[in-house]
file data.txt (compact mmCIF, C-alpha atoms and all ligand atoms)
# COMPACT_ATOMS: atom_id res chain seq x y z
CA MET A 24 108.80 -103.06 -28.45
CA PRO A 25 109.90 -102.75 -24.79
CA LYS A 26 111.81 -105.72 -23.41
CA LEU A 27 111.45 -105.13 -19.67
CA ALA A 28 108.36 -106.60 -17.98
CA ILE A 29 107.83 -103.32 -16.14
CA ARG A 30 107.35 -101.67 -19.57
CA GLY A 31 105.00 -104.40 -20.83
CA GLY A 32 107.60 -106.92 -22.03
CA GLU A 33 107.55 -110.60 -21.09
CA PRO A 34 108.73 -111.44 -17.54
CA LEU A 35 111.87 -113.56 -17.51
CA VAL A 36 110.93 -115.71 -14.50
CA LYS A 37 107.63 -117.48 -15.02
CA ARG A 38 107.64 -119.82 -12.01
CA GLN A 39 108.24 -119.68 -8.28
CA LEU A 40 111.91 -119.41 -7.34
CA GLY A 41 113.15 -121.74 -4.59
CA LYS A 42 110.58 -123.30 -2.28
CA SER A 43 107.41 -122.06 -0.63
CA TRP A 44 107.75 -121.52 3.09
CA PRO A 45 107.28 -123.00 5.69
CA ILE A 46 108.43 -126.52 4.88
CA PHE A 47 106.96 -129.53 6.70
CA ASP A 48 106.18 -133.17 6.08
CA GLY A 49 104.89 -136.26 7.87
CA ARG A 50 107.37 -135.70 10.70
CA GLU A 51 105.65 -132.51 11.88
CA GLU A 52 102.23 -134.12 11.37
CA ARG A 53 103.18 -137.14 13.49
CA ALA A 54 104.81 -135.00 16.16
CA LEU A 55 101.73 -132.80 16.49
CA LEU A 56 99.43 -135.81 16.73
CA GLU A 57 101.68 -137.32 19.36
CA VAL A 58 101.34 -134.20 21.51
CA LEU A 59 97.58 -134.11 20.92
CA ARG A 60 97.10 -137.70 22.01
CA SER A 61 99.48 -137.46 24.97
CA GLY A 62 97.25 -134.87 26.64
CA HIS A 63 100.39 -132.91 27.62
CA TRP A 64 99.94 -129.65 25.77
CA TRP A 65 102.06 -127.50 28.07
CA ARG A 66 105.55 -128.10 29.43
CA GLY A 67 104.52 -128.34 33.09
CA GLY A 68 103.27 -131.36 34.99
CA MET A 69 105.67 -133.92 33.54
CA ASP A 70 109.24 -135.06 33.82
CA PRO A 71 111.34 -132.52 31.84
CA SER A 72 112.91 -135.36 29.84
CA GLU A 73 109.43 -136.08 28.40
CA SER A 74 108.63 -132.49 27.48
CA LYS A 75 109.10 -131.59 23.81
CA VAL A 76 109.95 -128.04 24.84
CA SER A 77 112.68 -129.21 27.23
CA GLN A 78 114.07 -131.59 24.63
CA PHE A 79 114.13 -128.78 22.10
CA GLU A 80 115.85 -126.42 24.55
CA ASP A 81 118.66 -128.93 25.06
CA ARG A 82 119.05 -129.83 21.41
CA PHE A 83 118.96 -126.30 20.09
CA ALA A 84 121.37 -125.01 22.75
CA SER A 85 123.81 -127.78 21.92
CA TYR A 86 123.36 -127.15 18.16
CA CYS A 87 124.38 -123.53 18.81
CA GLN A 88 127.29 -124.57 21.08
CA ALA A 89 125.65 -123.04 24.18
CA LYS A 90 124.98 -124.85 27.46
CA TYR A 91 121.43 -123.76 28.30
CA GLY A 92 118.27 -122.96 26.35
CA ILE A 93 115.12 -121.29 27.70
CA ALA A 94 112.27 -121.50 25.19
CA VAL A 95 109.76 -118.64 25.11
CA THR A 96 106.73 -117.37 23.21
CA ASN A 97 108.49 -115.28 20.53
CA GLY A 98 111.71 -113.48 19.62
CA THR A 99 110.65 -110.15 21.12
CA GLN A 100 110.05 -111.76 24.49
CA ALA A 101 113.28 -113.73 24.15
CA LEU A 102 115.04 -110.35 24.02
CA GLU A 103 113.04 -109.05 26.99
CA CYS A 104 113.78 -112.20 28.98
CA ALA A 105 117.51 -111.99 28.15
CA LEU A 106 117.63 -108.29 29.07
CA LYS A 107 115.99 -108.99 32.43
CA ALA A 108 118.34 -111.90 33.11
CA ALA A 109 121.24 -109.58 32.21
CA GLY A 110 120.08 -107.24 34.98
CA VAL A 111 119.01 -104.36 32.70
CA GLU A 112 116.68 -102.02 34.61
CA ALA A 113 115.22 -98.51 34.65
CA GLY A 114 117.83 -95.82 34.05
CA ASP A 115 120.13 -98.14 32.07
CA GLU A 116 121.08 -97.59 28.44
CA VAL A 117 121.36 -100.40 25.91
CA ILE A 118 123.14 -99.87 22.58
CA VAL A 119 121.34 -101.24 19.51
CA PRO A 120 121.88 -100.86 15.73
CA ALA A 121 119.71 -98.65 13.49
CA LEU A 122 119.21 -101.34 10.83
CA THR A 123 117.22 -104.10 12.49
CA PHE A 124 113.66 -105.07 13.37
CA VAL A 125 112.10 -102.60 15.78
CA ALA A 126 111.88 -105.23 18.57
CA THR A 127 115.66 -105.06 19.10
CA ALA A 128 115.04 -101.58 20.50
CA THR A 129 111.49 -101.82 21.85
CA SER A 130 112.38 -104.86 23.97
CA VAL A 131 114.82 -102.55 25.78
CA ALA A 132 112.12 -99.96 26.52
CA LEU A 133 109.73 -102.74 27.53
CA VAL A 134 112.11 -103.65 30.38
CA ASN A 135 112.21 -99.95 31.35
CA ALA A 136 115.61 -99.13 29.92
CA VAL A 137 116.62 -96.70 27.17
CA PRO A 138 117.60 -97.94 23.70
CA VAL A 139 120.51 -95.97 22.24
CA ILE A 140 120.31 -96.39 18.47
CA VAL A 141 123.64 -96.26 16.62
CA ASP A 142 124.90 -96.53 13.04
CA VAL A 143 125.98 -99.61 11.13
CA ASP A 144 129.19 -100.61 9.38
CA PRO A 145 128.75 -100.12 5.61
CA ARG A 146 130.90 -103.20 4.93
CA THR A 147 128.51 -105.64 6.61
CA TYR A 148 125.32 -103.69 7.55
CA ASN A 149 125.96 -104.78 11.17
CA ILE A 150 126.41 -102.52 14.19
CA SER A 151 129.47 -100.30 13.83
CA ILE A 152 132.23 -100.97 16.37
CA GLN A 153 133.23 -97.29 16.39
CA ALA A 154 129.60 -96.27 16.94
CA ILE A 155 129.41 -98.59 19.97
CA GLU A 156 132.55 -97.03 21.45
CA ASP A 157 131.21 -93.52 20.82
CA ALA A 158 127.83 -94.29 22.45
CA ILE A 159 129.14 -95.69 25.75
CA THR A 160 128.27 -93.57 28.80
CA ASP A 161 128.22 -94.19 32.53
CA ARG A 162 124.62 -95.41 32.01
CA THR A 163 125.42 -98.09 29.43
CA ARG A 164 124.61 -101.55 30.70
CA ALA A 165 124.39 -103.74 27.61
CA ILE A 166 124.89 -104.03 23.84
CA ILE A 167 122.57 -105.93 21.48
CA PRO A 168 124.50 -106.80 18.32
CA VAL A 169 122.15 -108.10 15.60
CA HIS A 170 123.58 -110.52 13.05
CA ASN A 171 121.78 -108.68 10.29
CA GLY A 172 120.74 -110.99 7.47
CA GLY A 173 122.57 -113.76 9.36
CA PHE A 174 126.02 -112.28 8.68
CA PRO A 175 127.91 -112.35 12.00
CA CYS A 176 128.87 -109.20 13.87
CA ASP A 177 132.49 -108.69 14.84
CA MET A 178 132.00 -110.52 18.13
CA ASP A 179 135.66 -110.52 19.25
CA ARG A 180 135.76 -106.73 19.19
CA ILE A 181 132.30 -106.42 20.77
CA MET A 182 133.23 -108.77 23.61
CA GLU A 183 136.49 -106.89 24.13
CA ILE A 184 134.62 -103.56 24.44
CA ALA A 185 132.10 -105.20 26.78
CA GLN A 186 134.84 -106.53 29.01
CA ARG A 187 136.60 -103.17 29.11
CA HIS A 188 133.41 -101.35 30.16
CA ASP A 189 131.81 -104.14 32.18
CA LEU A 190 128.80 -104.49 29.85
CA MET A 191 126.51 -107.39 29.03
CA VAL A 192 126.20 -108.59 25.43
CA ILE A 193 122.97 -110.07 24.12
CA GLU A 194 123.21 -111.39 20.57
CA ASP A 195 120.04 -110.88 18.56
CA CYS A 196 120.11 -114.03 16.43
CA ALA A 197 116.66 -113.75 14.84
CA HIS A 198 118.31 -113.92 11.39
CA ALA A 199 121.19 -116.25 12.19
CA HIS A 200 120.15 -119.79 13.20
CA GLY A 201 123.33 -121.80 12.58
CA SER A 202 125.54 -118.94 11.32
CA GLU A 203 129.16 -119.01 12.46
CA TYR A 204 131.64 -116.34 13.42
CA LYS A 205 135.23 -117.67 13.09
CA GLY A 206 134.02 -121.23 13.65
CA ARG A 207 131.78 -120.37 16.61
CA ARG A 208 128.02 -120.53 16.31
CA CYS A 209 126.11 -117.27 16.62
CA GLY A 210 124.26 -117.28 19.91
CA SER A 211 127.12 -118.84 21.87
CA ILE A 212 129.49 -115.88 22.04
CA GLY A 213 127.66 -113.12 23.95
CA HIS A 214 126.61 -113.52 27.59
CA LEU A 215 123.10 -114.32 26.32
CA SER A 216 121.38 -114.58 22.96
CA ALA A 217 117.83 -114.43 21.63
CA PHE A 218 116.30 -116.25 18.63
CA SER A 219 112.92 -115.99 16.90
CA PHE A 220 110.94 -118.87 15.39
CA GLN A 221 108.25 -116.68 13.84
CA GLN A 222 106.78 -118.00 10.58
CA GLY A 223 109.25 -116.35 8.20
CA LYS A 224 112.38 -117.45 10.08
CA VAL A 225 114.58 -120.33 8.91
CA MET A 226 113.17 -122.56 11.67
CA THR A 227 109.61 -121.94 12.64
CA SER A 228 106.67 -122.97 14.77
CA GLY A 229 104.56 -120.02 13.62
CA GLU A 230 105.62 -118.07 16.69
CA GLY A 231 108.33 -118.89 19.21
CA GLY A 232 111.69 -117.87 20.58
CA ILE A 233 114.57 -119.04 22.74
CA VAL A 234 117.20 -117.52 25.02
CA LEU A 235 120.62 -119.19 25.09
CA THR A 236 123.48 -118.81 27.53
CA SER A 237 126.35 -120.87 28.89
CA ASP A 238 126.30 -119.20 32.31
CA PRO A 239 124.31 -121.23 34.88
CA GLU A 240 123.31 -118.14 36.90
CA LEU A 241 122.01 -116.31 33.83
CA ALA A 242 120.20 -119.48 32.74
CA GLU A 243 118.48 -119.74 36.11
CA LYS A 244 117.38 -116.11 35.92
CA ALA A 245 116.12 -116.47 32.34
CA TYR A 246 114.19 -119.59 33.37
CA SER A 247 112.63 -117.69 36.22
CA PHE A 248 111.67 -114.73 33.99
CA MET A 249 110.12 -117.18 31.51
CA HIS A 250 108.14 -118.98 34.23
CA ILE A 251 106.37 -116.24 36.27
CA GLY A 252 109.27 -116.01 38.70
CA ARG A 253 109.52 -119.70 39.62
CA MET A 254 112.92 -121.19 40.45
CA PRO A 255 114.06 -124.63 39.33
CA GLY A 256 113.93 -127.15 42.16
CA ARG A 257 111.69 -124.95 44.35
CA PRO A 258 108.00 -125.55 45.19
CA PHE A 259 105.63 -124.91 42.29
CA TYR A 260 103.65 -122.20 44.06
CA GLU A 261 106.64 -120.19 45.19
CA PHE A 262 107.51 -117.08 43.14
CA HIS A 263 110.83 -115.29 43.40
CA ARG A 264 110.76 -112.59 40.72
CA LEU A 265 108.37 -110.15 39.12
CA ALA A 266 107.92 -112.00 35.84
CA SER A 267 105.40 -112.87 33.17
CA ASN A 268 104.39 -116.17 31.61
CA LEU A 269 106.54 -116.67 28.49
CA ARG A 270 106.18 -120.45 28.27
CA MET A 271 106.33 -122.14 24.89
CA THR A 272 103.66 -124.80 24.23
CA GLU A 273 104.40 -128.46 23.57
CA TRP A 274 102.99 -128.03 20.03
CA GLN A 275 105.72 -125.54 19.24
CA GLY A 276 108.41 -127.67 20.88
CA ALA A 277 107.32 -130.71 18.83
CA VAL A 278 107.38 -128.80 15.53
CA LEU A 279 110.73 -127.15 16.29
CA LEU A 280 112.38 -130.50 17.01
CA CYS A 281 111.45 -131.51 13.45
CA GLN A 282 112.51 -128.17 11.96
CA LEU A 283 115.91 -128.48 13.62
CA GLU A 284 116.48 -131.84 11.91
CA ARG A 285 116.18 -130.12 8.53
CA LEU A 286 118.27 -127.07 9.33
CA ASP A 287 121.77 -128.33 8.41
CA GLU A 288 120.78 -129.50 4.95
CA GLN A 289 118.88 -126.26 4.32
CA VAL A 290 121.80 -124.11 5.48
CA ARG A 291 124.13 -126.11 3.23
CA ARG A 292 121.90 -125.66 0.21
CA ARG A 293 121.27 -121.95 0.82
CA GLU A 294 124.94 -121.25 1.32
CA GLU A 295 125.95 -123.17 -1.82
CA ASN A 296 123.40 -121.29 -3.90
CA ALA A 297 124.33 -117.94 -2.34
CA ARG A 298 128.00 -118.53 -3.20
CA TYR A 299 127.11 -119.26 -6.78
CA LEU A 300 124.91 -116.15 -6.94
CA ALA A 301 127.65 -114.01 -5.37
CA GLU A 302 130.12 -115.14 -8.05
CA GLY A 303 127.60 -114.38 -10.78
CA LEU A 304 126.82 -110.92 -9.39
CA LYS A 305 130.47 -109.95 -9.68
CA GLU A 306 130.18 -110.18 -13.47
CA ILE A 307 127.28 -107.69 -13.65
CA PRO A 308 128.10 -104.00 -13.25
CA GLY A 309 125.89 -102.18 -10.74
CA VAL A 310 125.27 -105.07 -8.31
CA GLU A 311 127.67 -106.83 -5.95
CA PRO A 312 127.71 -109.29 -3.05
CA LEU A 313 127.61 -107.80 0.47
CA VAL A 314 131.00 -109.24 1.37
CA ASP A 315 133.90 -110.56 -0.62
CA GLN A 316 135.39 -114.04 -0.41
CA ASP A 317 138.00 -112.71 2.05
CA MET A 318 135.28 -112.48 4.73
CA TRP A 319 133.21 -115.56 4.00
CA GLY A 320 134.46 -119.14 3.84
CA GLU A 321 136.60 -121.68 5.65
CA GLY A 322 138.97 -120.06 8.14
CA LYS A 323 137.49 -116.59 7.46
CA PHE A 324 135.43 -114.06 9.49
CA CYS A 325 132.14 -115.81 8.63
CA THR A 326 132.66 -119.55 8.44
CA ARG A 327 128.99 -120.39 7.89
CA TRP A 328 126.35 -117.99 6.63
CA SER A 329 122.84 -119.09 7.51
CA PHE A 330 120.59 -116.25 6.50
CA TYR A 331 117.01 -115.09 6.87
CA TYR A 332 117.43 -112.57 4.06
CA TRP A 333 120.53 -112.52 1.88
CA ASN A 334 121.74 -108.94 1.60
CA PHE A 335 123.58 -107.64 -1.44
CA ARG A 336 124.34 -104.19 -2.84
CA TYR A 337 123.27 -101.82 -5.56
CA ARG A 338 125.68 -99.31 -7.10
CA GLN A 339 123.72 -96.55 -8.81
CA GLU A 340 126.83 -94.98 -10.33
CA GLU A 341 127.54 -98.25 -12.16
CA PHE A 342 123.93 -98.70 -13.22
CA ASP A 343 123.64 -95.72 -15.56
CA GLY A 344 122.59 -93.48 -12.66
CA ILE A 345 119.27 -95.29 -12.25
CA HIS A 346 117.93 -95.20 -8.70
CA ARG A 347 117.89 -98.45 -6.73
CA ASP A 348 114.11 -98.31 -6.26
CA LYS A 349 113.55 -98.28 -10.04
CA PHE A 350 115.82 -101.31 -10.33
CA ILE A 351 113.83 -103.11 -7.63
CA GLU A 352 110.52 -102.41 -9.37
CA ALA A 353 111.95 -103.66 -12.66
CA LEU A 354 113.45 -106.83 -11.15
CA LYS A 355 110.23 -107.60 -9.28
CA ALA A 356 108.31 -107.26 -12.54
CA GLU A 357 110.69 -109.85 -14.03
CA GLY A 358 109.56 -112.25 -11.27
CA VAL A 359 112.40 -111.95 -8.71
CA PRO A 360 111.19 -111.23 -5.13
CA VAL A 361 113.90 -108.68 -4.40
CA GLY A 362 113.62 -106.34 -1.38
CA ILE A 363 115.67 -103.80 0.56
CA GLY A 364 116.80 -105.84 3.56
CA ALA A 365 114.75 -107.53 6.19
CA HIS A 366 113.03 -104.56 7.80
CA GLY A 367 113.32 -101.36 5.79
CA GLU A 368 114.08 -97.96 7.24
CA PRO A 369 116.32 -97.16 10.23
CA ILE A 370 114.21 -98.02 13.27
CA TYR A 371 114.23 -94.52 14.81
CA ARG A 372 112.09 -93.39 11.85
CA ASN A 373 109.09 -95.31 13.22
CA PRO A 374 106.23 -93.14 14.56
CA LEU A 375 106.85 -94.60 18.03
CA PHE A 376 110.24 -92.84 18.17
CA GLN A 377 109.43 -89.81 16.03
CA ASN A 378 106.36 -89.03 18.16
CA MET A 379 108.17 -90.03 21.38
CA ASN A 380 105.07 -92.08 22.10
CA PHE A 381 106.02 -93.53 25.48
CA GLY A 382 102.71 -93.02 27.20
CA ARG A 383 101.41 -90.47 29.67
CA THR A 384 104.52 -90.41 31.84
CA GLY A 385 107.08 -90.73 29.03
CA CYS A 386 108.87 -93.47 31.00
CA PRO A 387 111.30 -95.08 30.54
CA ILE A 388 112.74 -92.45 28.18
CA ARG A 389 111.63 -89.38 30.11
CA CYS A 390 111.99 -90.79 33.54
CA PRO A 391 113.53 -89.39 36.73
CA LEU A 392 115.48 -92.62 37.14
CA TYR A 393 117.10 -91.95 33.77
CA GLY A 394 117.32 -88.19 34.15
CA LYS A 395 118.91 -87.59 30.76
CA ASP A 396 117.51 -86.07 27.60
CA MET A 397 116.94 -88.65 24.86
CA ASP A 398 115.11 -87.35 21.81
CA TYR A 399 114.86 -89.88 18.97
CA ARG A 400 113.88 -87.09 16.55
CA LYS A 401 117.50 -85.97 16.74
CA VAL A 402 118.96 -89.39 16.00
CA PHE A 403 120.41 -89.67 12.50
CA CYS A 404 122.65 -92.51 11.34
CA PRO A 405 124.14 -91.52 7.96
CA GLU A 406 125.27 -94.99 6.88
CA ALA A 407 121.98 -96.65 7.81
CA GLU A 408 120.12 -93.88 5.94
CA ARG A 409 122.25 -94.23 2.80
CA ILE A 410 122.06 -98.03 2.82
CA TYR A 411 118.29 -97.96 3.31
CA ARG A 412 117.66 -95.30 0.64
CA GLU A 413 120.17 -96.19 -2.07
CA GLU A 414 122.10 -99.36 -1.63
CA ALA A 415 120.49 -102.33 0.12
CA LEU A 416 119.09 -105.24 -1.87
CA SER A 417 117.98 -108.56 -0.46
CA LEU A 418 116.43 -111.89 -1.37
CA PRO A 419 114.41 -114.05 1.06
CA HIS A 420 115.94 -117.30 2.29
CA ALA A 421 113.39 -119.65 0.69
CA VAL A 422 114.53 -118.53 -2.78
CA PHE A 423 117.87 -120.23 -2.05
CA LEU A 424 116.28 -123.60 -1.30
CA GLY A 425 115.97 -124.38 -5.00
CA ASP A 426 118.87 -125.29 -7.28
CA ARG A 427 121.38 -123.60 -9.56
CA LYS A 428 118.71 -123.04 -12.20
CA ASP A 429 116.95 -120.67 -9.78
CA MET A 430 120.18 -118.73 -9.29
CA ASP A 431 120.77 -118.62 -13.05
CA LEU A 432 117.26 -117.23 -13.52
CA ILE A 433 117.94 -114.50 -10.95
CA LEU A 434 121.24 -113.62 -12.66
CA ASP A 435 119.57 -113.64 -16.10
CA ALA A 436 116.82 -111.34 -14.82
CA ILE A 437 119.36 -108.90 -13.34
CA ARG A 438 121.37 -108.98 -16.58
CA LYS A 439 118.22 -108.32 -18.57
CA VAL A 440 117.39 -105.25 -16.45
CA ARG A 441 120.99 -104.06 -16.73
CA GLU A 442 121.11 -104.45 -20.49
CA ASN A 443 117.82 -102.62 -20.95
CA ALA A 444 118.42 -99.95 -18.33
CA ASP A 445 117.60 -97.24 -20.87
CA GLU A 446 113.95 -98.37 -20.74
CA LEU A 447 113.90 -97.39 -17.05
CA ARG A 448 114.78 -93.83 -17.84
CA GLU A 449 111.79 -93.14 -20.07
C1 LIG A 501 116.33 -108.89 14.33
C2 LIG A 501 115.05 -109.32 14.97
N1 LIG A 501 114.93 -109.29 16.31
C3 LIG A 501 113.81 -109.67 16.92
C4 LIG A 501 112.71 -110.10 16.22
C5 LIG A 501 111.45 -110.42 16.95
O1 LIG A 501 111.02 -111.73 16.78
P1 LIG A 501 109.46 -112.11 16.92
O2 LIG A 501 108.80 -111.67 15.65
O3 LIG A 501 109.49 -113.60 17.06
O4 LIG A 501 108.94 -111.43 18.11
C6 LIG A 501 112.78 -110.17 14.82
C7 LIG A 501 111.64 -110.62 14.01
O5 LIG A 501 111.59 -110.42 12.82
C8 LIG A 501 113.98 -109.75 14.18
O6 LIG A 501 114.11 -109.79 12.85
call {"tool": "encode", "arguments": {"input": "data.txt", "output": "structure tokens"}}
result
Amino acid sequence: MPKLAIRGGEPLVKRQLGKSWPIFDGREERALLEVLRSGHWWRGGMDPSESKVSQFEDRFASYCQAKYGIAVTNGTQALECALKAAGVEAGDEVIVPALTFVATATSVALVNAVPVIVDVDPRTYNISIQAIEDAITDRTRAIIPVHNGGFPCDMDRIMEIAQRHDLMVIEDCAHAHGSEYKGRRCGSIGHLSAFSFQQGKVMTSGEGGIVLTSDPELAEKAYSFMHIGRMPGRPFYEFHRLASNLRMTEWQGAVLLCQLERLDEQVRRREENARYLAEGLKEIPGVEPLVDQDMWGEGKFCTRWSFYYWNFRYRQEEFDGIHRDKFIEALKAEGVPVGIGAHGEPIYRNPLFQNMNFGRTGCPIRCPLYGKDMDYRKVFCPEAERIYREEALSLPHAVFLGDRKDMDLILDAIRKVRENADELRE
């Protein structure tokens, strides 16, 4: 009789792991009703101190140890807004990692610049420092480090490179609300940062985003790019920049204020469970935590790991030569919602890049203002490819909102697959 669920055996996990997402209670319900009854459904036309969006901007910026917050419609437009505030324009290059959500790169093209997609560091799955150095040209204007899975990028080295080459740094914090790099909150270290509050993220209003910065000039520009080119303190019908309407609604602001109240406790619980899981994984041959205790903990590289997906690793050579994808299928059949990282394949593999689908003119990639030859069909990042095809494993954040029993079930399910690996070969 086969033991593994994928072969017809009984699944080991027979209930939902962690919590269902999103989480809300009477606080969100009351906050939404308050906005409804107030008649103020957008952020304009009232004293900023009364606007839920303005309150959220201040509170979230201060939570992330930044001075200014500019709330916007979603994470993609947060990146676009930050890029515009950073002065990125046609003909500029912006360095982005290969393992991320496609918006990290498409936001660059949407502001008429050229995304330069580079490899990741196999130790953390974050942008490789060497790859950044190698990609810098006289066209480079900015770098977008993504804290992949919420694990911080090496921000000291990135800021040092940026200073040396006079580049802007925009942290993509869509996975990292509350994560810390050497005691500093992600989103407060680069010149600007961008967050997403889309439904799956660890704080959500369905859709939403925010730009953070501690530089008053950049904050003023980001505000202007969020608000159709208006300037704070100037007449309402006076427009200073070519800009869209990226305003967040009061509904979103009200919900996010409530979500922020829950964040610390959720981060604490997730991190405690992830630590326990990481310890357990070390005892099972063929799987291992992404980073060791020397990189994660008090006084270390990552002092707080708030994650969207928790990345860990597969080692085929220690798993009887069975391919990672077979392991994933088997573990899923046991009832564990395991995946391969937040967004799958290296972003240059998307049809957009492979077909060089940049419209009739080909701008901004094939553009006289750029004048260089960028062909994404020639981009190949060996580490990102290997990680995507053979190594990456991940679990979604809501799984970690349960208790130790959930972690024990995950470990038991992995052990079960490991012990019956021969069934996967048939
Ligand atoms: C790394 C990263 N950047 C940007 C975004 C874009 O955010 P949004 O979906 O809110 O536009 C996401 C969304 O998943 C993301 O994961």
call {"tool": "closest_atom_pairs", "arguments": {"input": "data.txt", "of": "range 338-390 of chain A", "to": "range 181-200 of chain A", "cutoff": "12 Å", "atoms": "all atoms listed in the file", "output": "CSV"}}
result
residue,atom,partner,partner_atom,distance
A:Gly364,CA,A:His198,CA,11.4
A:Ala365,CA,A:His198,CA,9.0
A:His366,CA,A:His198,CA,11.3
call {"tool": "atom_distance", "arguments": {"input": "data.txt", "atom1": "CA of Glu294 in chain A", "atom2": "CA of Val225 in chain A"}}
result
12.9 Å
call {"tool": "residues_near_ligand", "arguments": {"input": "data.txt", "ligand": "ligand LIG 501 (chain A)", "cutoff": "7 Å", "atoms": "all atoms listed in the file", "output": "MDAnalysis selection string"}}
result
chainID A and resid 97:100 123:124 126:127 169 171 195:198 219:221 230:232
call {"tool": "write_last_selection", "arguments": {"input": "data.txt", "atoms": "C-alpha atoms", "output": "tab-separated table (two decimals), in the frame of the given file"}}
result
chain	number	residue	atom	x	y	z
A	97	ASN	CA	108.49	-115.28	20.53
A	98	GLY	CA	111.71	-113.48	19.62
A	99	THR	CA	110.65	-110.15	21.12
A	100	GLN	CA	110.05	-111.76	24.49
A	123	THR	CA	117.22	-104.10	12.49
A	124	PHE	CA	113.66	-105.07	13.37
A	126	ALA	CA	111.88	-105.23	18.57
A	127	THR	CA	115.66	-105.06	19.10
A	169	VAL	CA	122.15	-108.10	15.60
A	171	ASN	CA	121.78	-108.68	10.29
A	195	ASP	CA	120.04	-110.88	18.56
A	196	CYS	CA	120.11	-114.03	16.43
A	197	ALA	CA	116.66	-113.75	14.84
A	198	HIS	CA	118.31	-113.92	11.39
A	219	SER	CA	112.92	-115.99	16.90
A	220	PHE	CA	110.94	-118.87	15.39
A	221	GLN	CA	108.25	-116.68	13.84
A	230	GLU	CA	105.62	-118.07	16.69
A	231	GLY	CA	108.33	-118.89	19.21
A	232	GLY	CA	111.69	-117.87	20.58
call {"tool": "residues_around", "arguments": {"input": "data.txt", "residues": "Ile388 in chain A", "least_positions_apart": "2", "cutoff": "9 Å", "atoms": "all atoms listed in the file", "output": "NGL selection string"}}
result
:A and (114 or 132 or 135-138 or 379 or 381 or 385-386 or 390 or 393-398)
call {"tool": "closest_atom_pairs", "arguments": {"input": "data.txt", "of": "range 258-333 of chain A", "to": "range 143-147 of chain A", "cutoff": "12 Å", "atoms": "all atoms listed in the file", "output": "tab-separated table"}}
result
residue	atom	partner	partner_atom	distance
A:Glu311	CA	A:Arg146	CA	11.9
A:Pro312	CA	A:Thr147	CA	10.4
A:Leu313	CA	A:Thr147	CA	6.6
A:Val314	CA	A:Thr147	CA	6.8
A:Asp315	CA	A:Arg146	CA	9.7
A:Met318	CA	A:Thr147	CA	9.8
A:Trp319	CA	A:Thr147	CA	11.3
A:Phe324	CA	A:Thr147	CA	11.3
A:Cys325	CA	A:Thr147	CA	11.0
A:Trp333	CA	A:Thr147	CA	11.5
call {"tool": "closest_residue", "arguments": {"input": "data.txt", "among": "A:Ala154, A:Ala277, A:Ile233, A:Met430", "to": "Leu55 in chain A", "atoms": "only C-alpha atoms"}}
result
A:Ala277
call {"tool": "residues_around", "arguments": {"input": "data.txt", "residues": "Glu240 in chain A", "least_positions_apart": "6", "cutoff": "12 Å", "atoms": "all atoms listed in the file", "output": "ChimeraX atom specification"}}
result
/A:90-91,108-110,214-215,246-247,254-255
call {"tool": "atom_distance", "arguments": {"input": "data.txt", "atom1": "CA of Ala415 in chain A", "atom2": "CA of Arg347 in chain A"}}
result
8.3 Å
call {"tool": "residues_around", "arguments": {"input": "data.txt", "residues": "Ser72 in chain A", "least_positions_apart": "6", "cutoff": "12 Å", "atoms": "only C-alpha atoms", "output": "compact mmCIF listing (two decimals) with C-alpha atoms, in the frame of the given file"}}
result
# COMPACT_ATOMS: atom_id res chain seq x y z
CA ARG A 66 105.55 -128.10 29.43
CA GLN A 78 114.07 -131.59 24.63
CA PHE A 79 114.13 -128.78 22.10
CA GLU A 80 115.85 -126.42 24.55
CA ASP A 81 118.66 -128.93 25.06
CA ARG A 82 119.05 -129.83 21.41
call {"tool": "atom_distance", "arguments": {"input": "data.txt", "atom1": "CA of Gly344 in chain A", "atom2": "CA of Asn296 in chain A"}}
result
29.2 Å
call {"tool": "residues_around", "arguments": {"input": "data.txt", "residues": "Arg338 in chain A", "least_positions_apart": "6", "cutoff": "12 Å", "atoms": "only C-alpha atoms", "output": "JSON, numbers by chain"}}
result
{"A": [304, 305, 307, 308, 309, 310, 311, 312, 313, 344, 345, 346, 347, 348, 350, 409, 410, 412, 413, 414, 415, 416, 441]}
call {"tool": "closest_residue", "arguments": {"input": "data.txt", "among": "A:Pro45, A:Gly229, A:Gly223, A:Pro405", "to": "Glu368 in chain A", "atoms": "all atoms listed in the file"}}
result
A:Pro405
call {"tool": "axis_aligned_box", "arguments": {"input": "data.txt", "around": "range 419-433 of chain A", "padding_each_side": "5 Å", "output": "lines of an AutoDock Vina configuration file"}}
result
center_x = 117.4
center_y = -119.7
center_z = -5.6
size_x = 18.0
size_y = 21.2
size_z = 25.8
